[in-house]
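Below: one structure, written as C-alpha cells.
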Amino acid sequence: MIRIVIAEDQQMLLGAFGSLLNLEEDMEVVGKATNGEDAVTLVKNLSPDVCIMDIEMPGKSGLEAAEEIKGLSCKVIILTTFARSGYFQRALKAGVSGYLLKDSPSEELASSIRSVVAGRRIYAPELMDDVYAEENPLTDREREVLELVADGKNTKEIAEELSIKTGTVRNYISIILDKLEVKNRIEAITQSKEKGWFK
C-alpha cells in the first residue's frame with residue numbers, strides 16, 4: 001500500500017485529491033495539510049511513501065517544505081498551477097521526484113505516484129523545454145539586493161542591512177536592470193516573480 005500525505009491550501013482541492021487517491025486500490029491518504037509547516041510535521045511523524053505538495057501555501061511554501069524533507073525517505077511530487085521555470089529549478093535542487101501541473105488529467109496523478117514510488121522521476125513535459133533557457137542571471141548578492149528592493153526598502157536601508165555603501169547598492173541595481181533587460185525596479189521585481197526566482 002502506497003501511503004500518501006497531501007499538502008494543499010485550497011480545502012476543496014485537498015478533499016478532491018484525497019478522495020480520488022483513496023479510490024485507488026494500492027493507495028491510502030494518511031495525512032492532509034493546508035500549509036508547508038504542517039506538511040513537514042506530517043511527513044516526519046507518519047513516514048509516508050509520497051508527499052504531494054502544492055507550491056504557494058501560507059507560512060512555508062511547498063518548495064521550502066520539500067527542501068526541508070529532502071533527506072527523509074519520503075518522495076515529493078509538486079502539484080501546482082505554476083509552470084514557472086524558476087520554481088521548477090528550485091524543485092529539482094530540492095530533489096523532488098515529480099513536478100506536475102494541476103490541469104493534467106486526474107488518472108495521470110495516480111500513475112505518476114506509482115512511477116515515483118518505483119524510483120522514476122516524472123516532470124511535466126512543458127517544463128522540460130525551458131528549464132535550461134531560464135537560468136536566473138543574477139548573482140546571490142544581486143538577488144539579495146533585488147529581494148530587499150521588493151520588500152520596499154530604499155537604497156539607504158539596503159546599504160545598512162548589507163553593510164555596504166549606498167553607491168554600491170546603486171551599482172548593483174543598475175547591473176540588475178541591465179542583466180534582466182528591464183527599465184526600472186518594478187519591472188525587475190515583476191519579471192523575477194513571474195519566473196519564480198524569488199525565494
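We label chains A, B, ... in the order they appear in the C-alpha cells, count residues from 1 in each chain, and number ligands from 1 in the order shown.
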TODO: Apply DSSP to the structure's backbone, then extract all residues of chain A labelled strand (DSSP E) and return them as a PyMOL selection string.
DONE: chain A and resi 2-7+27-33+50-53+75-80+98-101+122-123
- [ ] May I ask which of the residues A:Arg120, A:Lys70, A:Lys32, A:Lys60 is the closest one to Ala91 of chain A, counting only C-alpha atoms?
- [x] A:Lys70
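Taking only C-alpha atoms into account, Arg141 of chain A lies nearest to A:Ile176 out of the set A:Leu101, A:Leu127, A:Ile176, A:Leu109.
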Open item on the list: Using DSSP secondary structure from the backbone, list all alpha helix (DSSP H) positions within chain A, as a PyMOL selection string.
Closed with: chain A and resi 11-22+36-46+62-68+85-93+106-117+125-130+140-150+155-162+166-180+185-194
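Minimum distance to Pro125 of chain A across A:Lys193, A:Leu100, A:Ile55, A:Gly95 (counting only C-alpha atoms) occurs at A:Leu100.
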Task: Nearby residues (only C-alpha atoms) at most 8 Å from segment 75-87 of chain A, same-chain spacing under 5 positions excluded, as a VMD selection string - done: chain A and resid 49 to 55 62 to 63 66 95 to 103 113 116 to 117 126 to 127 130 to 131 134 to 136 194 to 197
Just to be explicit: take each residue in the selection above, keep N, CA and C atoms, and write the result as a compact mmCIF listing (two decimals), in the first residue's frame.
# COMPACT_ATOMS: atom_id res chain seq x y z
N ASP A 49 5.11 7.28 1.99
CA ASP A 49 5.97 6.98 0.83
C ASP A 49 6.10 8.21 -0.06
N VAL A 50 4.99 8.97 -0.14
CA VAL A 50 4.93 10.11 -1.06
C VAL A 50 4.23 11.29 -0.38
N CYS A 51 4.74 12.49 -0.65
CA CYS A 51 4.04 13.71 -0.22
C CYS A 51 3.73 14.51 -1.47
N ILE A 52 2.45 14.79 -1.70
CA ILE A 52 2.03 15.61 -2.84
C ILE A 52 1.90 17.04 -2.32
N MET A 53 2.63 17.94 -2.95
CA MET A 53 2.81 19.27 -2.37
C MET A 53 2.44 20.38 -3.36
N ASP A 54 1.57 21.28 -2.92
CA ASP A 54 1.31 22.50 -3.69
C ASP A 54 2.51 23.43 -3.45
N ILE A 55 2.71 24.44 -4.30
CA ILE A 55 3.84 25.35 -4.06
C ILE A 55 3.42 26.52 -3.18
N GLY A 62 5.56 25.16 -0.58
CA GLY A 62 5.82 23.75 -0.88
C GLY A 62 7.29 23.50 -1.20
N LEU A 63 7.94 24.49 -1.82
CA LEU A 63 9.36 24.33 -2.16
C LEU A 63 10.22 24.33 -0.90
N ALA A 66 9.68 21.06 0.75
CA ALA A 66 10.39 19.99 0.02
C ALA A 66 11.88 20.01 0.36
N GLY A 95 15.40 18.12 -4.87
CA GLY A 95 15.35 16.67 -5.05
C GLY A 95 13.96 16.09 -5.21
N VAL A 96 12.99 16.90 -5.70
CA VAL A 96 11.65 16.35 -5.86
C VAL A 96 11.62 15.29 -6.96
N SER A 97 10.75 14.32 -6.78
CA SER A 97 10.68 13.20 -7.74
C SER A 97 9.70 13.46 -8.87
N GLY A 98 8.79 14.42 -8.65
CA GLY A 98 7.81 14.71 -9.68
C GLY A 98 7.40 16.17 -9.63
N TYR A 99 7.03 16.72 -10.78
CA TYR A 99 6.53 18.10 -10.86
C TYR A 99 5.42 18.08 -11.89
N LEU A 100 4.18 18.14 -11.42
CA LEU A 100 3.03 18.03 -12.31
C LEU A 100 2.18 19.28 -12.23
N LEU A 101 1.45 19.54 -13.29
CA LEU A 101 0.57 20.70 -13.31
C LEU A 101 -0.86 20.27 -12.99
N LYS A 102 -1.59 21.14 -12.28
CA LYS A 102 -2.94 20.77 -11.82
C LYS A 102 -3.92 20.56 -12.97
N ASP A 103 -3.60 21.06 -14.16
CA ASP A 103 -4.54 20.83 -15.26
C ASP A 103 -4.28 19.51 -15.98
N ILE A 113 2.33 8.76 -9.28
CA ILE A 113 2.69 8.33 -7.92
C ILE A 113 3.34 6.95 -7.97
N VAL A 116 6.86 7.20 -9.42
CA VAL A 116 7.80 7.82 -8.48
C VAL A 116 8.20 6.82 -7.38
N VAL A 117 7.21 6.07 -6.89
CA VAL A 117 7.50 5.06 -5.86
C VAL A 117 8.44 3.99 -6.43
N GLU A 126 6.02 20.29 -20.53
CA GLU A 126 6.15 21.72 -20.90
C GLU A 126 7.23 22.44 -20.11
N LEU A 127 7.62 21.87 -18.97
CA LEU A 127 8.67 22.50 -18.17
C LEU A 127 10.05 22.13 -18.67
N ASP A 130 11.88 24.66 -21.30
CA ASP A 130 12.52 25.94 -20.99
C ASP A 130 13.36 25.91 -19.72
N VAL A 131 13.57 24.73 -19.14
CA VAL A 131 14.33 24.70 -17.89
C VAL A 131 15.75 25.22 -18.06
N GLU A 134 16.05 29.26 -18.93
CA GLU A 134 15.61 30.26 -17.97
C GLU A 134 16.44 30.31 -16.68
N GLU A 135 17.73 30.17 -16.77
CA GLU A 135 18.57 30.29 -15.57
C GLU A 135 18.51 31.73 -15.07
N ASN A 136 18.46 31.92 -13.77
CA ASN A 136 18.48 33.26 -13.21
C ASN A 136 19.88 33.85 -13.42
N GLU A 194 7.51 36.49 -11.80
CA GLU A 194 6.88 35.66 -12.85
C GLU A 194 7.70 34.41 -13.14
N LYS A 195 9.01 34.55 -13.07
CA LYS A 195 9.88 33.41 -13.36
C LYS A 195 10.12 32.54 -12.14
N GLY A 196 9.56 32.94 -11.00
CA GLY A 196 9.71 32.13 -9.80
C GLY A 196 11.10 32.18 -9.20
N TRP A 197 11.81 33.32 -9.41
CA TRP A 197 13.20 33.41 -8.94
C TRP A 197 13.31 33.87 -7.50
Report as an mmCIF file with N, CA, C and O atoms, in the first residue's frame all protein, DNA and RNA residues lying within 12 Å of Phe17 of chain A, evaluated on only C-alpha atoms, omitting residues in the same chain fewer than 6 positions from it.
data_model
loop_
_atom_site.group_PDB
_atom_site.id
_atom_site.type_symbol
_atom_site.label_atom_id
_atom_site.label_comp_id
_atom_site.auth_asym_id
_atom_site.auth_seq_id
_atom_site.Cartn_x
_atom_site.Cartn_y
_atom_site.Cartn_z
ATOM 1 N N ILE A 4 0.269 8.102 1.483
ATOM 2 C CA ILE A 4 0.402 9.444 0.896
ATOM 3 C C ILE A 4 -0.009 10.548 1.874
ATOM 4 O O ILE A 4 -0.998 10.418 2.586
ATOM 5 N N VAL A 5 0.778 11.631 1.872
ATOM 6 C CA VAL A 5 0.386 12.866 2.562
ATOM 7 C C VAL A 5 0.136 13.912 1.476
ATOM 8 O O VAL A 5 0.904 14.007 0.515
ATOM 9 N N ILE A 6 -0.948 14.675 1.608
ATOM 10 C CA ILE A 6 -1.250 15.736 0.627
ATOM 11 C C ILE A 6 -1.178 17.092 1.321
ATOM 12 O O ILE A 6 -1.741 17.267 2.400
ATOM 13 N N ALA A 7 -0.464 18.032 0.707
ATOM 14 C CA ALA A 7 -0.402 19.404 1.220
ATOM 15 C C ALA A 7 -0.959 20.350 0.160
ATOM 16 O O ALA A 7 -0.386 20.467 -0.925
ATOM 17 N N GLU A 8 -2.070 20.980 0.478
ATOM 18 C CA GLU A 8 -2.774 21.850 -0.483
ATOM 19 C C GLU A 8 -3.594 22.841 0.322
ATOM 20 O O GLU A 8 -4.353 22.452 1.202
ATOM 21 N N ASP A 9 -3.419 24.149 0.042
ATOM 22 C CA ASP A 9 -4.099 25.132 0.888
ATOM 23 C C ASP A 9 -5.555 25.383 0.497
ATOM 24 O O ASP A 9 -6.298 25.998 1.244
ATOM 25 N N GLN A 10 -5.983 24.886 -0.658
ATOM 26 C CA GLN A 10 -7.391 25.048 -1.030
ATOM 27 C C GLN A 10 -8.167 23.804 -0.567
ATOM 28 O O GLN A 10 -7.968 22.715 -1.102
ATOM 29 N N GLN A 11 -9.030 24.008 0.425
ATOM 30 C CA GLN A 11 -9.728 22.885 1.071
ATOM 31 C C GLN A 11 -10.462 21.977 0.079
ATOM 32 O O GLN A 11 -10.431 20.761 0.203
ATOM 33 N N LEU A 23 -9.558 6.131 -3.796
ATOM 34 C CA LEU A 23 -10.275 5.187 -4.659
ATOM 35 C C LEU A 23 -9.334 4.160 -5.274
ATOM 36 O O LEU A 23 -9.754 3.093 -5.711
ATOM 37 N N GLU A 24 -8.044 4.507 -5.334
ATOM 38 C CA GLU A 24 -7.054 3.583 -5.904
ATOM 39 C C GLU A 24 -6.809 2.439 -4.914
ATOM 40 O O GLU A 24 -6.603 2.672 -3.727
ATOM 41 N N MET A 27 -3.477 2.609 -2.839
ATOM 42 C CA MET A 27 -3.090 3.882 -2.220
ATOM 43 C C MET A 27 -3.956 4.230 -1.019
ATOM 44 O O MET A 27 -5.139 3.915 -0.982
ATOM 45 N N GLU A 28 -3.326 4.897 -0.048
ATOM 46 C CA GLU A 28 -4.063 5.352 1.126
ATOM 47 C C GLU A 28 -3.542 6.732 1.523
ATOM 48 O O GLU A 28 -2.334 6.923 1.691
ATOM 49 N N VAL A 29 -4.450 7.713 1.633
ATOM 50 C CA VAL A 29 -4.067 9.055 2.084
ATOM 51 C C VAL A 29 -4.045 9.024 3.614
ATOM 52 O O VAL A 29 -5.078 8.853 4.258
ATOM 53 N N GLY A 31 -2.495 11.482 5.588
ATOM 54 C CA GLY A 31 -2.473 12.799 6.225
ATOM 55 C C GLY A 31 -2.737 13.907 5.230
ATOM 56 O O GLY A 31 -2.413 13.783 4.047
ATOM 57 N N LYS A 32 -3.355 15.001 5.716
ATOM 58 C CA LYS A 32 -3.623 16.162 4.857
ATOM 59 C C LYS A 32 -3.169 17.418 5.586
ATOM 60 O O LYS A 32 -3.420 17.561 6.785
ATOM 61 N N ILE A 52 2.451 14.791 -1.697
ATOM 62 C CA ILE A 52 2.032 15.612 -2.837
ATOM 63 C C ILE A 52 1.901 17.036 -2.322
ATOM 64 O O ILE A 52 1.188 17.293 -1.362
ATOM 65 N N MET A 53 2.625 17.945 -2.951
ATOM 66 C CA MET A 53 2.807 19.274 -2.375
ATOM 67 C C MET A 53 2.443 20.381 -3.364
ATOM 68 O O MET A 53 2.951 20.409 -4.481
ATOM 69 N N ASP A 54 1.570 21.281 -2.924
ATOM 70 C CA ASP A 54 1.309 22.498 -3.693
ATOM 71 C C ASP A 54 2.506 23.435 -3.453
ATOM 72 O O ASP A 54 3.243 23.243 -2.489
ATOM 73 N N LEU A 79 2.625 19.479 -7.108
ATOM 74 C CA LEU A 79 1.441 19.564 -7.951
ATOM 75 C C LEU A 79 0.973 21.015 -7.888
ATOM 76 O O LEU A 79 0.532 21.488 -6.847
ATOM 77 N N LYS A 102 -1.590 21.136 -12.280
ATOM 78 C CA LYS A 102 -2.940 20.772 -11.822
ATOM 79 C C LYS A 102 -3.916 20.556 -12.972
ATOM 80 O O LYS A 102 -4.951 19.937 -12.780
ATOM 81 N N SER A 106 -6.660 13.573 -14.181
ATOM 82 C CA SER A 106 -6.553 13.023 -12.818
ATOM 83 C C SER A 106 -5.908 11.640 -12.789
ATOM 84 O O SER A 106 -5.178 11.312 -11.854
ATOM 85 N N GLU A 107 -6.136 10.820 -13.827
ATOM 86 C CA GLU A 107 -5.537 9.480 -13.816
ATOM 87 C C GLU A 107 -4.002 9.543 -13.910
ATOM 88 O O GLU A 107 -3.292 8.632 -13.501
ATOM 89 N N LEU A 109 -2.174 11.511 -12.202
ATOM 90 C CA LEU A 109 -1.636 11.671 -10.849
ATOM 91 C C LEU A 109 -1.346 10.306 -10.230
ATOM 92 O O LEU A 109 -0.254 10.062 -9.720
ATOM 93 N N ALA A 110 -2.324 9.399 -10.301
ATOM 94 C CA ALA A 110 -2.132 8.068 -9.707
ATOM 95 C C ALA A 110 -0.983 7.325 -10.388
ATOM 96 O O ALA A 110 -0.137 6.722 -9.713
#
Task: Residues within 10 Å of Gly59 of chain A, only C-alpha atoms, excluding chain neighbours under 5 positions, as a ChimeraX atom specification - done: /A:34-38,64
Task: Distance query Gly152 of chain A at most 12 Å, only C-alpha atoms, self and fewer than 6 positions along chain excluded, as number ranges by chain - done: A: 145-146, 158, 185-186, 189
Open item on the list: Using only C-alpha atoms for the distances, tell me which of A:Pro105, A:Pro58, A:Gly167, A:Gly119 is nearest to Thr155 of chain A.
Closed with: A:Gly167
Spatial neighbours of Leu138 of chain A, max dist 12 Å, only C-alpha atoms, sep filter under 5 positions, as a PDB file with C-alpha atoms, in the first residue's frame:
ATOM      1  CA  ARG A 143      19.371  38.553  -5.898  1.00  0.00           C
ATOM      2  CA  GLU A 144      19.618  39.653  -2.257  1.00  0.00           C
ATOM      3  CA  VAL A 145      19.560  43.336  -3.267  1.00  0.00           C
ATOM      4  CA  LEU A 146      16.539  42.817  -5.527  1.00  0.00           C
ATOM      5  CA  GLU A 147      14.649  40.935  -2.803  1.00  0.00           C
ATOM      6  CA  TYR A 172      24.028  46.603  -8.045  1.00  0.00           C
ATOM      7  CA  ILE A 173      20.607  47.923  -9.061  1.00  0.00           C
ATOM      8  CA  SER A 174      21.884  49.207 -12.384  1.00  0.00           C
ATOM      9  CA  ILE A 175      23.610  45.828 -13.056  1.00  0.00           C
ATOM     10  CA  ILE A 176      20.368  44.015 -12.168  1.00  0.00           C
ATOM     11  CA  LEU A 177      18.344  46.181 -14.601  1.00  0.00           C
ATOM     12  CA  ASP A 178      20.932  45.560 -17.347  1.00  0.00           C
ATOM     13  CA  LYS A 179      21.049  41.811 -16.803  1.00  0.00           C
ATOM     14  CA  LEU A 180      17.269  41.453 -16.731  1.00  0.00           C
ATOM     15  CA  GLU A 181      16.923  43.888 -19.646  1.00  0.00           C
ATOM     16  CA  ALA A 188      12.790  43.746 -12.388  1.00  0.00           C
ATOM     17  CA  SER A 192      11.666  37.791 -11.109  1.00  0.00           C
ATOM     18  CA  TRP A 197      13.196  33.412  -8.940  1.00  0.00           C
ATOM     19  CA  PHE A 198      12.299  34.853  -5.548  1.00  0.00           C
TER      20      PHE A 198
END
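Nearest residue to Glu67 of chain A among A:Lys93, A:Lys153, A:Arg121, A:Lys44 is A:Lys93, counting only C-alpha atoms.
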- [ ] Go through A:Met57, A:Ile69, A:Ala16, A:Leu21 and flag the residue nearest Thr41 of chain A, using only C-alpha atoms for the distances.
- [x] A:Ile69
